[in-house]
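Inspection log for the structure reproduced underneath, given as structure tokens.
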Number of protein chains: 2
Amino acid sequence: MIHNYDSEDKALLAVDCIIFGFDQEELKILLVKRDFEPEKGMWSLMGGFLKRSENLDEAAERILLHLTGINNVYLEQLHSYSKIDRDPVERTVSVAYFALINIEEHNKELIKQYSAQWFNISNAPGLIFDHEMMVKKAISRLRYRTSTVPIGFELLPQKFTMRQLQKMYEAILGEKLDKRNFINKINSLDILRKLDEKDMESSKKGSFLYTFDEQKYKRKAADGFSFKL
Amino acid sequence: MIHNYDSEDKALLAVDCIIFGFDQEELKILLVKRDFEPEKGMWSLMGGFLKRSENLDEAAERILLHLTGINNVYLEQLHSYSKIDRDPVERTVSVAYFALINIEEHNKELIKQYSAQWFNISNAPGLIFDHEMMVKKAISRLRYRTSTVPIGFELLPQKFTMRQLQKMYEAILGEKLDKRNFINKINSLDILRKLDEKDMESSKKGSFLYTFDEQKYKRKAADGFSFKL
DNA sequence: TTAACAAGTGTAATTAAAACACTTATATAT
DNA sequence: ATATATAAGTGTTTTAATTACACTTGTTAA
């Protein structure tokens with residue numbers, strides 16, 4: 001151990017959040033317009049600083065709550081960024097997190113206060129500092145994670161149709177999937193509950209609604225089953 | 001952005017390294033015995049503090065060089081740990097890295113100076129703070145990474161036999177692999193160069209040596225090929 | 001009544017993964 | 001010199017997973 005509890009080398013710790021949402025068509029991220037220098041007026045991720053009284057996960061939760069008004073969100077630590085002059089004001093190391101939220105649930109007033117806006121990942125604006133690297137890595141991690149753990153449901157309302165589920169995965173993976181193969185695959189996993197209810201928005205016939213049966217999934221997972229899309 | 005460039009909330013940034021090696025039989029990690037308080041005499045990961053003049057990757061390289069005497073090592077950032085009292089002395093956030101080194105190449109004098117020692121991952125001692133969590137996550141990440149990117153070679157000498165390669169993967173994945181299937185798989189990837197040379201250590205017949213053809217791999221990768229064990 | 005629209009459904013073909021056992025080369029012991 | 005022991009080396013068959021693919025159903029609105 002190179003021993004040196006020397007306060008001269010302390011740094012500011014920031015947390016920046018890549019907030020993903022899904023609007024039934026495209027994968028989106030929530031960005032804020034900076035209203036202070038440096039880079040005032042530019043788009044950036046929502047961020048904040050780590051406080052003495054909290055750990056990084058808690059800081060990310062707090063930041064997310066401030067912007068969206070929602071709590072109990074899927075949050076995962078992504079990576080830490082430490083280029084010496086990444087923030088021109090002061091030495092700052094930023095820990096990036098990504099979040100999955102149901103886009104319908106967030107507080108629209110709040111995000112207006114922060115001059116925040118949803119952008120499709122395919123046409124998001126340029127971002128400050130190293131935030132674009134963060135987004136890129138977040139998308140890649142999201143693709144992996146949603147293919148191996150059933151967290152995609154976090155992006156959908158509690159009740160959803162097979163088509164919505166498929167479109168969500170297509171938006172994340174960036175490729176079209178075959179309808180029949182997709183449904184066969186999902187059904188073979190046996191972790192959804194089919195409801196008697198139908199969604200009548202999307203077609204005249206209506207399409208059945210499903211929910212993710214988390215209890216069932218957990219029981220199966222404990223028993224050695226592993227989700228694989 | 002929650003704006004608060006307030007130095008009161010600065011923290012010490014530590015870097016801790018999970019150093020993996022492979023001794024032809026088992027996956028190993030290099031641990032150091034702490035010679036200072038707190039937890040003096042306990043085993044821990046090799047660590048150090050981030051300096052103003054370097055980024056995290058550089059700090060990890062420096063720490064690794066100090067302990068092993070080697071440079072240009074495969075290093076990957078793993079995760080950041082920030083529990084408030086994880087270090088009882090002072091608020092410290094630690095960024096864990098893992099490294100893959102050819103166990104034959106490290107400087108044995110240096111590690112003696114640090115009272116460091118190699119342990120099989122299956123019977124490593126208890127570790128200080130949250131270092132055991134770090135090791136656990138590192139193994140899991142290593143399994144994923146070595147299955148999707150050809151980095152396992154970092155653990156082997158430049159020339160290696162098929163059997164050594166197989167044993168290395170078995171040690172990482174924690175399961176036996178079928179010899180014929182393994183060789184067929186590796187050969188189908190077409191990223192090794194078979195040498196005329198044989199290794200005569202392991203058998204009377206001798207076994208052919210191979211090297212990883214990184215150029216070929218890169219060309220193929222650029223062309224859409226993806227390594228998958 | 002029929003035209004339009006998305007929902008819903010199953011099978012065959014292809015590809016990938018897994019299971020499996022004998023022969024070869026060589027050093028050492030008899 | 002011959003036999004024995006040891007690890008290297010080598011293909012095929014079986015099984016499982018993935019992919020490709022097209023018509024019918026229910027309902028509303030024209």
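Labeling convention for the structure tokens: chains A, B, ... as they appear, residues from 1 per chain, ligands from 1 in order of appearance.
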
Find the spatial neighbours of Ser82 of chain B, counting only C-alpha atoms (C1' of nucleotides), within a cut-off of 10 Å - ignore same-chain residues fewer than 2 positions away - and output them as a VMD selection string. (chain A and resid 50 54 to 58) or (chain B and resid 11 13 79 to 80 84 to 87 91 to 95 130)

Next, write the just-selected residues to a file, as a CSV table (one decimal), in the first residue's frame, keeping N, CA and C atoms as the atom set.
chain,number,residue,atom,x,y,z
A,50,LEU,N,-21.2,14.6,-4.8
A,50,LEU,CA,-21.3,13.6,-3.7
A,50,LEU,C,-21.2,14.4,-2.4
A,54,GLU,N,-23.6,10.8,2.2
A,54,GLU,CA,-24.2,9.8,1.4
A,54,GLU,C,-23.2,9.0,0.6
A,55,ASN,N,-23.5,7.9,0.1
A,55,ASN,CA,-22.6,7.2,-0.8
A,55,ASN,C,-23.0,7.5,-2.3
A,56,LEU,N,-22.3,6.9,-3.2
A,56,LEU,CA,-22.6,7.3,-4.6
A,56,LEU,C,-24.0,6.9,-5.1
A,57,ASP,N,-24.4,5.7,-4.7
A,57,ASP,CA,-25.7,5.3,-5.1
A,57,ASP,C,-26.8,6.3,-4.6
A,58,GLU,N,-26.6,6.7,-3.4
A,58,GLU,CA,-27.6,7.6,-2.8
A,58,GLU,C,-27.5,9.0,-3.5
B,11,ALA,N,-13.4,14.5,-1.4
B,11,ALA,CA,-13.1,13.2,-0.8
B,11,ALA,C,-11.7,12.7,-1.3
B,13,LEU,N,-9.6,10.0,-3.0
B,13,LEU,CA,-9.8,8.9,-4.0
B,13,LEU,C,-8.7,7.9,-4.0
B,79,HIS,N,-15.2,-0.8,-10.8
B,79,HIS,CA,-16.4,-0.2,-10.0
B,79,HIS,C,-15.8,0.7,-9.0
B,80,SER,N,-16.7,1.6,-8.5
B,80,SER,CA,-16.3,2.5,-7.5
B,80,SER,C,-17.1,2.2,-6.2
B,84,ILE,N,-19.9,5.2,3.3
B,84,ILE,CA,-19.4,6.3,4.0
B,84,ILE,C,-18.2,6.0,4.9
B,85,ASP,N,-18.3,4.9,5.7
B,85,ASP,CA,-17.2,4.6,6.6
B,85,ASP,C,-16.4,3.4,6.1
B,86,ARG,N,-16.3,3.2,4.8
B,86,ARG,CA,-15.6,2.0,4.4
B,86,ARG,C,-14.1,2.0,4.8
B,87,ASP,N,-13.6,3.2,4.9
B,87,ASP,CA,-12.2,3.4,5.5
B,87,ASP,C,-12.4,4.2,6.7
B,91,ARG,N,-13.0,9.8,5.0
B,91,ARG,CA,-13.9,9.5,3.9
B,91,ARG,C,-13.1,9.2,2.6
B,92,THR,N,-13.2,8.1,2.1
B,92,THR,CA,-12.4,7.7,0.9
B,92,THR,C,-13.3,6.9,0.0
B,93,VAL,N,-13.3,7.3,-1.3
B,93,VAL,CA,-14.0,6.6,-2.3
B,93,VAL,C,-12.9,5.8,-3.1
B,94,SER,N,-13.1,4.5,-3.2
B,94,SER,CA,-12.1,3.7,-3.9
B,94,SER,C,-12.6,3.2,-5.3
B,95,VAL,N,-11.8,3.4,-6.2
B,95,VAL,CA,-12.1,2.9,-7.6
B,95,VAL,C,-11.3,1.6,-7.8
B,130,ASP,N,-13.9,-3.4,2.0
B,130,ASP,CA,-14.8,-4.0,1.1
B,130,ASP,C,-14.0,-4.7,0.0

Hey, what does DSSP flag as strand (DSSP E) within segment 24-227 of chain B? Can you give it to me as a ChimeraX atom specification? /B:27-33,43-44,46-49,74-81,92-100,116-120,160-161,192-199,207-212

What does the file look like for those residues with C-alpha atoms, as a PDB file, in the first residue's frame?
ATOM      1  CA  LEU B  27      -6.371 -18.485 -11.183  1.00  0.00           C
ATOM      2  CA  LYS B  28      -4.540 -16.416  -8.577  1.00  0.00           C
ATOM      3  CA  ILE B  29      -4.642 -12.958  -7.077  1.00  0.00           C
ATOM      4  CA  LEU B  30      -1.795 -10.973  -5.624  1.00  0.00           C
ATOM      5  CA  LEU B  31      -2.444  -9.640  -2.125  1.00  0.00           C
ATOM      6  CA  VAL B  32      -0.373  -7.484   0.180  1.00  0.00           C
ATOM      7  CA  LYS B  33      -0.050  -7.665   3.940  1.00  0.00           C
ATOM      8  CA  TRP B  43      -4.394  -8.987   3.767  1.00  0.00           C
ATOM      9  CA  SER B  44      -5.616  -6.428   1.301  1.00  0.00           C
ATOM     10  CA  MET B  46      -2.686  -3.306  -3.487  1.00  0.00           C
ATOM     11  CA  GLY B  47      -3.855   0.279  -3.446  1.00  0.00           C
ATOM     12  CA  GLY B  48      -2.884   3.906  -3.432  1.00  0.00           C
ATOM     13  CA  PHE B  49      -4.312   7.363  -3.774  1.00  0.00           C
ATOM     14  CA  TYR B  74      -4.106  -5.158 -19.282  1.00  0.00           C
ATOM     15  CA  LEU B  75      -5.991  -2.971 -16.824  1.00  0.00           C
ATOM     16  CA  GLU B  76      -9.705  -2.364 -16.661  1.00  0.00           C
ATOM     17  CA  GLN B  77     -11.716  -0.167 -14.381  1.00  0.00           C
ATOM     18  CA  LEU B  78     -14.193  -2.235 -12.410  1.00  0.00           C
ATOM     19  CA  HIS B  79     -16.365  -0.229 -10.045  1.00  0.00           C
ATOM     20  CA  SER B  80     -16.276   2.549  -7.464  1.00  0.00           C
ATOM     21  CA  TYR B  81     -16.942   1.902  -3.804  1.00  0.00           C
ATOM     22  CA  THR B  92     -12.442   7.668   0.925  1.00  0.00           C
ATOM     23  CA  VAL B  93     -13.979   6.554  -2.311  1.00  0.00           C
ATOM     24  CA  SER B  94     -12.129   3.706  -3.896  1.00  0.00           C
ATOM     25  CA  VAL B  95     -12.090   2.901  -7.580  1.00  0.00           C
ATOM     26  CA  ALA B  96     -11.280  -0.748  -8.174  1.00  0.00           C
ATOM     27  CA  TYR B  97      -9.296  -1.904 -11.192  1.00  0.00           C
ATOM     28  CA  PHE B  98      -8.359  -5.376 -12.253  1.00  0.00           C
ATOM     29  CA  ALA B  99      -5.197  -6.369 -14.050  1.00  0.00           C
ATOM     30  CA  LEU B 100      -4.106  -9.454 -15.953  1.00  0.00           C
ATOM     31  CA  ALA B 116       2.813  -9.573  -1.084  1.00  0.00           C
ATOM     32  CA  GLN B 117       1.796 -13.091  -1.953  1.00  0.00           C
ATOM     33  CA  TRP B 118      -0.145 -14.990  -4.596  1.00  0.00           C
ATOM     34  CA  PHE B 119      -3.296 -16.829  -3.531  1.00  0.00           C
ATOM     35  CA  ASN B 120      -5.584 -19.149  -5.395  1.00  0.00           C
ATOM     36  CA  PHE B 160       1.601 -21.379 -25.111  1.00  0.00           C
ATOM     37  CA  THR B 161       0.109 -24.768 -25.788  1.00  0.00           C
ATOM     38  CA  LEU B 192      -3.805 -18.052 -33.324  1.00  0.00           C
ATOM     39  CA  ARG B 193      -0.603 -18.794 -35.164  1.00  0.00           C
ATOM     40  CA  LYS B 194       0.683 -22.331 -34.797  1.00  0.00           C
ATOM     41  CA  LEU B 195       4.467 -22.438 -34.424  1.00  0.00           C
ATOM     42  CA  ASP B 196       6.872 -25.139 -35.582  1.00  0.00           C
ATOM     43  CA  GLU B 197       8.134 -25.267 -32.056  1.00  0.00           C
ATOM     44  CA  LYS B 198       7.015 -27.722 -29.414  1.00  0.00           C
ATOM     45  CA  ASP B 199       6.860 -27.468 -25.664  1.00  0.00           C
ATOM     46  CA  SER B 207       2.888 -30.240 -27.742  1.00  0.00           C
ATOM     47  CA  PHE B 208       2.820 -27.515 -30.337  1.00  0.00           C
ATOM     48  CA  LEU B 209       3.162 -23.928 -29.268  1.00  0.00           C
ATOM     49  CA  TYR B 210       0.864 -21.166 -30.460  1.00  0.00           C
ATOM     50  CA  THR B 211       0.835 -17.391 -30.270  1.00  0.00           C
ATOM     51  CA  PHE B 212      -2.069 -15.003 -30.371  1.00  0.00           C
TER      52      PHE B 212
END

Please return as a JSON list (two decimals) with N, CA and C atoms, in the first residue's frame: the residues of segment 62-110 of chain B that backbone DSSP assigns to alpha helix (DSSP H).
[["chain", "number", "residue", "atom", "x", "y", "z"],
["B", 62, "ARG", "N", 0.45, 3.05, -12.17],
["B", 62, "ARG", "CA", 1.54, 3.37, -11.25],
["B", 62, "ARG", "C", 1.58, 2.37, -10.09],
["B", 63, "ILE", "N", 0.40, 2.12, -9.54],
["B", 63, "ILE", "CA", 0.33, 1.21, -8.38],
["B", 63, "ILE", "C", 0.79, -0.19, -8.78],
["B", 64, "LEU", "N", 0.38, -0.59, -9.95],
["B", 64, "LEU", "CA", 0.75, -1.91, -10.46],
["B", 64, "LEU", "C", 2.24, -2.00, -10.71],
["B", 65, "LEU", "N", 2.78, -0.94, -11.27],
["B", 65, "LEU", "CA", 4.22, -0.92, -11.54],
["B", 65, "LEU", "C", 5.01, -1.01, -10.23],
["B", 66, "HIS", "N", 4.54, -0.27, -9.24],
["B", 66, "HIS", "CA", 5.23, -0.30, -7.95],
["B", 66, "HIS", "C", 5.32, -1.71, -7.38],
["B", 67, "LEU", "N", 4.22, -2.43, -7.49],
["B", 67, "LEU", "CA", 4.20, -3.74, -6.84],
["B", 67, "LEU", "C", 4.84, -4.84, -7.67],
["B", 68, "THR", "N", 4.64, -4.79, -8.97],
["B", 68, "THR", "CA", 5.06, -5.93, -9.79],
["B", 68, "THR", "C", 6.28, -5.62, -10.64],
["B", 108, "LYS", "N", 9.94, -10.57, -8.37],
["B", 108, "LYS", "CA", 9.69, -11.27, -7.11],
["B", 108, "LYS", "C", 10.30, -10.55, -5.90],
["B", 109, "GLU", "N", 11.37, -9.80, -6.16],
["B", 109, "GLU", "CA", 11.97, -9.02, -5.07],
["B", 109, "GLU", "C", 11.01, -7.95, -4.59],
["B", 110, "LEU", "N", 10.43, -7.26, -5.58],
["B", 110, "LEU", "CA", 9.50, -6.17, -5.25],
["B", 110, "LEU", "C", 8.34, -6.66, -4.40]]

Any idea which chain B residues end up within 9 Å of chain C if we count only C-alpha atoms (C1' of nucleotides), as a PyMOL selection string please? chain B and resi 178+181+203-206

Quick one: residues within 10 Å of Glu170 of chain B, only C-alpha atoms (C1' of nucleotides) counted, chain neighbours fewer than 5 positions away excluded, as a ChimeraX atom specification? /B:25-27,164-165,175-178

Determine which residues of chain D sit within 8 Å of chain B, taking into account only C-alpha atoms (C1' of nucleotides), and present them as a list in words. DT6, DA7, DA8 and DT10 of chain D

Mind giving me the straight-line distance from atom CA of Asp213 of chain B to atom CA of Ser147 of chain B in Å, one decimal? 17.3 Å

Selected residue, from A:Ile19, A:Val73, A:Val89, A:Leu142, that lies nearest to chain B when counting only C-alpha atoms: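 Of all the options, A:Val89 lies closest to chain B.
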